[in-house]
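Since the structure comes first, as structure tokens, the remarks are kept for the end.
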Amino acid sequence: MTTDVFIAGVGMTALGKRLDQSVKSLTAEAVRTALADAGAAAAHIQAAWFANTRQPMLEGQNTVRGQIALHPLGLTGIPVINVENACASGSTALWLAMQWLRAGGGEIALVAGAEKMVWPDRPERVAAAFAGGTDIHDRDGVLAYIREMGGEEPGEGRSLFMDLYAAQARAHMARYGTTQADFAQAAAKNHTAGALNPLAQYGAPTTADQVLADKPIVFPFTRAMCAPVSDGAAAMVVCNRAGLKRLGAAARAVRVRGCALVSASMREAGDIDNHIGRRAALAAYEQAGAGPDDIDAVEVHDATSYAEIQQIENLGLARPGTVGERLRRGDFALGGRTPVNASGGLVAKGHPVGATGIIQLHDLTRQLRGEAGAAQIEGARMAAAENGGGFLGVEEAATVVTVLERAA
């Protein structure tokens, strides 16, 4: 019998350009909030997983990042495991903590992620950190893929990932008739939702026309369709039933019904049925004993607004080629059939890489508790998050899909 795992407490910082903050201070804010939310103290935590991707290149802190960030909080003497899995690091940390709980390693754990990415005096290091999200020994292969998919050669000062996403977006446009206006509709929805999130980096009521009129990045994307560089942190207290009882947190707990971590395959570029996001979704749904029709709230990894459309398809929420029409109908907006990125998504809320997957689960936990304020999805009982990272071959290098359910 599989051991049930619960999220007992969540916390996160405001996201954005936090020039006066450090990985330590951001971590401290998020962890203290999560502990208080769970009714827990540092002494309750028996192990911790810490996700971070950029500190080695940007600050030179190459090892023991988690131990250093958590030590001032009194989280000492326990196992601390450092996790790096590109943009999927935070959700991967949860996946690992779940294995420890199910193996009987303990009853209560901490999952935290933090990123200090905004360094005005180090733009070349920030750009290089993103370039390392692909196989550095096969840059020619990445460029060949971009050309094959109809994309442009990478531009000066532009993240390679924007060019990869743009190439995939162009291929989607050619295959399904998706338009630039469809991506703008997704971005406008999320920027409008971001205005309801006090922790979001950006957010204001926005129209698709305003998104299209924003600064061009690489066709078909404008700046409003791309996630910004962000500072921020998030944390969760996770536990089994015994831990939940110790904390007395059952009334507000959220159950993890499924959590699937998969890596890139050797599929052909056109074999979308075996896309990594689709494989992860099917595995998570199988664990959860649920399907797309059961999901009330969704957070997807919209590093670009094309990615939102792609992941809506992978999660089985819409048939390929139909997302644009359904966005225009409002199916994926607040008040629609299945709201997606009611938090504002990455394009509005922000994208502090190592923390992003945990932030998605923070937002969904609050939705399932009925604590999302103006962005609350009425009657939400089950939720799904998709968090992908890196690039290998023809898709993300790693993807985690998590299914959550209100426990009480």
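Letters for chains follow the order of the structure tokens (A, B, ...), residue numbers begin at 1 for each chain, and ligand numbers begin at 1 in the order shown.
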
Quiz item: Got a sec: who's within 9 Å of Arg255 (chain A), counting only C-alpha atoms, leaving out chain neighbours fewer than 3 positions off, as a count of residues only?
Solution: 11

Practice problem: Can you check which residues of region 122-222 of chain A DSSP gives as strand (DSSP E) on the backbone and send them as a ChimeraX atom specification? | Solution: /A:216-218,221-222

Quiz item: Where in region 227-315 of chain A does DSSP assign helix (DSSP H, G or I), given as a ChimeraX atom specification?
Solution: /A:241-247,250-252,272-274,276-288,292-294,305-314

Quiz item: Which residues come within 8 Å of region 88-103 of chain A, counting only C-alpha atoms, excluding same-chain residues fewer than 3 positions away, as a VMD selection string?
Solution: chain A and resid 2 to 5 48 to 53 83 to 85 106 to 113 238 to 240 259 to 261 353 to 358 387 to 389 398 to 400

Write to file, as a compact mmCIF listing (two decimals), in the first residue's frame, the residues of the selection just made, with N, CA, C and O atoms.
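Below is the file that was written, part.txt:
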# COMPACT_ATOMS: atom_id res chain seq x y z
N THR A 2 0.61 2.22 -0.90
CA THR A 2 1.41 3.43 -1.01
C THR A 2 1.13 4.36 0.16
O THR A 2 -0.03 4.59 0.53
N THR A 3 2.18 4.86 0.76
CA THR A 3 2.04 5.81 1.86
C THR A 3 1.52 7.14 1.35
O THR A 3 2.07 7.70 0.40
N ASP A 4 0.48 7.67 1.98
CA ASP A 4 -0.04 8.98 1.60
C ASP A 4 0.94 10.07 2.00
O ASP A 4 1.55 10.02 3.09
N VAL A 5 1.09 11.06 1.13
CA VAL A 5 1.94 12.22 1.41
C VAL A 5 1.08 13.47 1.34
O VAL A 5 0.24 13.61 0.45
N ALA A 48 15.59 17.64 4.76
CA ALA A 48 15.25 18.77 3.89
C ALA A 48 15.86 18.59 2.51
O ALA A 48 16.98 18.05 2.37
N TRP A 49 15.12 19.04 1.51
CA TRP A 49 15.59 19.05 0.12
C TRP A 49 15.61 20.49 -0.35
O TRP A 49 14.61 21.22 -0.19
N PHE A 50 16.72 20.92 -0.93
CA PHE A 50 16.91 22.32 -1.29
C PHE A 50 17.24 22.43 -2.78
O PHE A 50 18.22 21.86 -3.26
N ALA A 51 16.40 23.18 -3.51
CA ALA A 51 16.56 23.33 -4.96
C ALA A 51 17.14 24.70 -5.30
O ALA A 51 16.62 25.73 -4.86
N ASN A 52 18.19 24.68 -6.08
CA ASN A 52 18.82 25.92 -6.55
C ASN A 52 19.65 25.58 -7.79
O ASN A 52 20.27 24.52 -7.85
N THR A 53 19.66 26.48 -8.77
CA THR A 53 20.38 26.19 -10.01
C THR A 53 21.42 27.23 -10.39
O THR A 53 22.34 26.94 -11.14
N VAL A 83 19.40 19.78 -4.69
CA VAL A 83 18.73 19.30 -5.90
C VAL A 83 18.95 20.30 -7.03
O VAL A 83 18.69 21.50 -6.86
N GLU A 84 19.43 19.81 -8.17
CA GLU A 84 19.51 20.62 -9.39
C GLU A 84 18.95 19.81 -10.53
O GLU A 84 19.49 18.77 -10.89
N ASN A 85 17.85 20.27 -11.10
CA ASN A 85 17.23 19.61 -12.24
C ASN A 85 16.61 20.67 -13.15
O ASN A 85 15.46 20.57 -13.55
N GLY A 106 11.31 8.98 7.64
CA GLY A 106 10.83 9.88 8.69
C GLY A 106 9.40 10.25 8.42
O GLY A 106 8.74 9.69 7.53
N GLU A 107 8.91 11.23 9.18
CA GLU A 107 7.50 11.62 9.10
C GLU A 107 7.28 13.02 8.56
O GLU A 107 6.22 13.30 7.99
N ILE A 108 8.24 13.92 8.73
CA ILE A 108 8.05 15.33 8.35
C ILE A 108 9.32 15.83 7.66
O ILE A 108 10.43 15.65 8.16
N ALA A 109 9.14 16.47 6.50
CA ALA A 109 10.28 16.97 5.74
C ALA A 109 10.01 18.37 5.24
O ALA A 109 8.87 18.83 5.18
N LEU A 110 11.07 19.04 4.84
CA LEU A 110 10.99 20.37 4.24
C LEU A 110 11.47 20.29 2.81
O LEU A 110 12.48 19.66 2.51
N VAL A 111 10.74 20.94 1.92
CA VAL A 111 11.16 21.11 0.53
C VAL A 111 11.25 22.61 0.28
O VAL A 111 10.26 23.33 0.48
N ALA A 112 12.41 23.09 -0.12
CA ALA A 112 12.60 24.53 -0.32
C ALA A 112 13.36 24.77 -1.62
O ALA A 112 14.15 23.93 -2.07
N GLY A 113 13.13 25.92 -2.21
CA GLY A 113 13.86 26.33 -3.40
C GLY A 113 14.06 27.83 -3.38
O GLY A 113 13.18 28.57 -2.93
N VAL A 238 6.16 18.90 4.13
CA VAL A 238 5.45 17.72 3.64
C VAL A 238 5.60 16.60 4.66
O VAL A 238 6.61 16.51 5.36
N CYS A 239 4.60 15.73 4.71
CA CYS A 239 4.62 14.70 5.76
C CYS A 239 3.72 13.53 5.38
O CYS A 239 2.94 13.60 4.43
N ASN A 240 3.87 12.45 6.14
CA ASN A 240 2.94 11.32 6.02
C ASN A 240 1.82 11.52 7.05
O ASN A 240 1.74 12.56 7.71
N CYS A 259 2.62 12.10 -8.41
CA CYS A 259 3.77 12.94 -8.71
C CYS A 259 4.72 12.12 -9.58
O CYS A 259 5.34 11.16 -9.09
N ALA A 260 4.81 12.47 -10.86
CA ALA A 260 5.60 11.69 -11.81
C ALA A 260 6.74 12.54 -12.35
O ALA A 260 6.53 13.65 -12.83
N LEU A 261 7.95 11.99 -12.27
CA LEU A 261 9.15 12.62 -12.81
C LEU A 261 9.65 11.78 -13.97
O LEU A 261 9.88 10.58 -13.81
N VAL A 353 14.11 30.14 -11.03
CA VAL A 353 14.16 28.78 -11.57
C VAL A 353 14.05 27.67 -10.52
O VAL A 353 13.17 26.82 -10.59
N GLY A 354 14.94 27.65 -9.54
CA GLY A 354 14.94 26.56 -8.57
C GLY A 354 13.70 26.52 -7.69
O GLY A 354 13.38 25.48 -7.11
N ALA A 355 13.01 27.64 -7.58
CA ALA A 355 11.82 27.71 -6.72
C ALA A 355 10.52 27.54 -7.48
O ALA A 355 9.46 27.32 -6.87
N THR A 356 10.55 27.62 -8.81
CA THR A 356 9.32 27.71 -9.60
C THR A 356 8.36 26.55 -9.37
O THR A 356 7.15 26.75 -9.20
N GLY A 357 8.86 25.32 -9.37
CA GLY A 357 7.99 24.17 -9.18
C GLY A 357 7.31 24.17 -7.83
O GLY A 357 6.15 23.75 -7.70
N ILE A 358 8.00 24.66 -6.81
CA ILE A 358 7.41 24.74 -5.47
C ILE A 358 6.38 25.86 -5.42
O ILE A 358 5.32 25.73 -4.79
N ASN A 387 5.75 21.07 -14.54
CA ASN A 387 6.98 21.84 -14.33
C ASN A 387 8.11 21.16 -15.10
O ASN A 387 8.51 20.05 -14.78
N GLY A 388 8.57 21.81 -16.17
CA GLY A 388 9.60 21.22 -17.01
C GLY A 388 10.90 22.00 -16.95
O GLY A 388 10.90 23.20 -16.64
N GLY A 389 12.01 21.34 -17.29
CA GLY A 389 13.30 22.03 -17.23
C GLY A 389 14.33 21.50 -18.19
O GLY A 389 14.36 20.32 -18.52
N ALA A 398 13.77 17.30 -18.37
CA ALA A 398 13.07 16.73 -17.22
C ALA A 398 11.71 17.41 -17.06
O ALA A 398 11.59 18.61 -17.30
N THR A 399 10.72 16.64 -16.67
CA THR A 399 9.39 17.19 -16.41
C THR A 399 8.76 16.45 -15.23
O THR A 399 8.87 15.23 -15.12
N VAL A 400 8.10 17.22 -14.38
CA VAL A 400 7.33 16.66 -13.27
C VAL A 400 5.89 17.12 -13.40
O VAL A 400 5.63 18.32 -13.60

Exercise. Pick out the residues sitting within 7 Å of region 369-382 of chain A, and hand them over as number ranges by chain; count only C-alpha atoms, and ignore anything fewer than 5 positions along from it in its own chain.
Key: A: 196, 252, 294-297, 334, 342, 404-406

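Among the candidates A:Leu26, A:Ala40, A:Val229, A:Leu19, the one nearest to Leu244 (chain A) when counting only C-alpha atoms is A:Ala40.
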
Exercise. Record the distance separating CA of Thr207 (chain A) and CA of Gly336 (chain A), expressed in Å with one decimal.
Key: 17.2 Å

Interface rows for region 10-72 of chain A against region 346-350 of chain A: nearest pair, Å to one decimal, 10 Å, only C-alpha atoms, as JSON lines:
{"residue": "A:Ala14", "atom": "CA", "partner": "A:Lys349", "partner_atom": "CA", "distance": 9.0}
{"residue": "A:Leu15", "atom": "CA", "partner": "A:Gly350", "partner_atom": "CA", "distance": 6.1}
{"residue": "A:Gly16", "atom": "CA", "partner": "A:Gly350", "partner_atom": "CA", "distance": 6.6}
{"residue": "A:Lys17", "atom": "CA", "partner": "A:Gly350", "partner_atom": "CA", "distance": 9.8}

Please produce a file of the residues just selected, as an mmCIF file, in the first residue's frame, where the atoms kept are N, CA, C and O atoms.
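Resulting contents of out_33.cif:
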data_model
loop_
_atom_site.group_PDB
_atom_site.id
_atom_site.type_symbol
_atom_site.label_atom_id
_atom_site.label_comp_id
_atom_site.auth_asym_id
_atom_site.auth_seq_id
_atom_site.Cartn_x
_atom_site.Cartn_y
_atom_site.Cartn_z
ATOM 1 N N ALA A 14 7.586 37.386 -2.184
ATOM 2 C CA ALA A 14 7.242 38.137 -3.383
ATOM 3 C C ALA A 14 8.345 37.901 -4.410
ATOM 4 O O ALA A 14 9.522 37.743 -4.065
ATOM 5 N N LEU A 15 7.977 37.852 -5.675
ATOM 6 C CA LEU A 15 8.939 37.617 -6.745
ATOM 7 C C LEU A 15 9.272 38.923 -7.454
ATOM 8 O O LEU A 15 8.456 39.843 -7.492
ATOM 9 N N GLY A 16 10.481 38.986 -8.011
ATOM 10 C CA GLY A 16 10.860 40.181 -8.745
ATOM 11 C C GLY A 16 12.330 40.482 -8.616
ATOM 12 O O GLY A 16 13.151 39.594 -8.368
ATOM 13 N N LYS A 17 12.686 41.741 -8.787
ATOM 14 C CA LYS A 17 14.073 42.178 -8.692
ATOM 15 C C LYS A 17 14.345 42.558 -7.251
ATOM 16 O O LYS A 17 14.167 43.709 -6.848
#

Practice problem: Do a neighbour search on region 184-187 of chain A at 6 Å with only C-alpha atoms, toss out local chain neighbours closer than 2 positions, and write the hits as a ChimeraX atom specification. | Solution: /A:181-182,189-190,208,211,225,305

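For the pair CA of Ala144 (chain A) and CA of Asp214 (chain A), the interatomic distance is 28.9 Å.
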
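In this comparison, which uses only C-alpha atoms, the residue of A:Thr178, A:Ser343, A:Ala242, A:Val401 approaching Ala281 (chain A) most closely is A:Val401.
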
For region 160-176 of chain A, work out the shell of residues within 10 Å, counting only C-alpha atoms and skipping chain neighbours fewer than 2 positions away, then give it as a short mmCIF file (atom, residue, chain, number, x, y, z; two decimals) with C-alpha atoms, in the first residue's frame.
data_model
loop_
_atom_site.label_atom_id
_atom_site.label_comp_id
_atom_site.auth_asym_id
_atom_site.auth_seq_id
_atom_site.Cartn_x
_atom_site.Cartn_y
_atom_site.Cartn_z
CA ALA A 127 22.91 34.46 -20.00
CA ALA A 128 25.56 31.74 -19.71
CA PHE A 130 20.66 29.58 -19.16
CA ALA A 131 22.83 28.31 -22.02
CA GLY A 132 24.00 25.53 -19.69
CA GLY A 133 20.47 24.12 -19.65
CA THR A 134 21.27 22.22 -22.85
CA VAL A 142 20.57 22.39 -30.77
CA LEU A 143 21.04 24.91 -33.58
CA TYR A 145 16.97 21.50 -34.26
CA ILE A 146 16.03 25.19 -34.19
CA ARG A 147 16.54 25.43 -37.96
CA GLU A 148 14.65 22.18 -38.59
CA MET A 149 11.65 23.47 -36.62
CA GLY A 150 11.60 26.70 -38.60
CA GLY A 151 13.21 28.95 -36.01
CA GLU A 152 15.81 31.72 -36.14
CA GLU A 153 19.46 31.55 -35.21
CA PRO A 154 19.94 32.70 -31.58
CA GLY A 155 20.24 36.46 -31.27
CA GLU A 156 22.80 38.44 -29.30
CA GLY A 157 21.86 38.82 -25.63
CA ARG A 158 18.84 36.54 -25.98
CA THR A 178 -2.12 28.22 -34.25
CA THR A 179 -1.58 31.98 -34.52
CA GLN A 180 0.51 34.61 -32.81
CA ASP A 182 -3.40 32.71 -29.70
CA PHE A 183 -0.13 33.10 -27.78
CA ILE A 217 11.81 39.26 -28.75
CA VAL A 218 11.89 36.55 -31.44
CA PHE A 219 8.93 35.74 -33.68
CA PRO A 220 6.26 34.91 -32.64
CA PHE A 221 7.05 36.20 -29.13
CA CYS A 226 8.12 35.50 -22.06
CA ALA A 227 8.83 34.82 -18.38
CA ALA A 269 10.20 15.64 -33.18
CA GLY A 270 6.76 15.01 -34.69
CA ALA A 303 8.32 30.05 -19.74
CA THR A 304 6.71 31.33 -22.94
CA SER A 305 3.03 31.56 -23.79
CA TYR A 306 3.51 28.90 -26.47
CA ALA A 307 4.56 26.52 -23.69
CA ILE A 309 -0.66 25.98 -25.05
CA GLN A 310 1.61 22.97 -25.46
CA PRO A 320 -4.08 19.81 -30.15
CA GLY A 321 -5.04 22.73 -32.34
CA THR A 322 -8.11 23.75 -30.32
CA GLY A 390 16.27 22.04 -19.55
CA PHE A 391 16.36 20.80 -23.13
CA VAL A 394 13.66 17.48 -29.05
CA GLU A 395 12.06 18.29 -25.68
#

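Interatomic distance, CA of Asn341 (chain A) to CA of Gln367 (chain A): 11.2 Å.
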
Exercise. Could you give me, as number ranges by chain, the residues within 9 Å of Thr76 (chain A), counting only C-alpha atoms and dropping anything in the same chain fewer than 5 positions from it?
Key: A: 67, 70-71

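Using only C-alpha atoms, the smallest distance between any of A:His362, A:Asn314, A:Ala251, A:Ala385 and Asn274 (chain A) comes from A:Asn314.
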
Quiz prompt | Nearest candidate to Ala383 (chain A) (options A:Pro352, A:Gln360, A:Leu212, A:Val298; using only C-alpha atoms) | solution = A:Val298
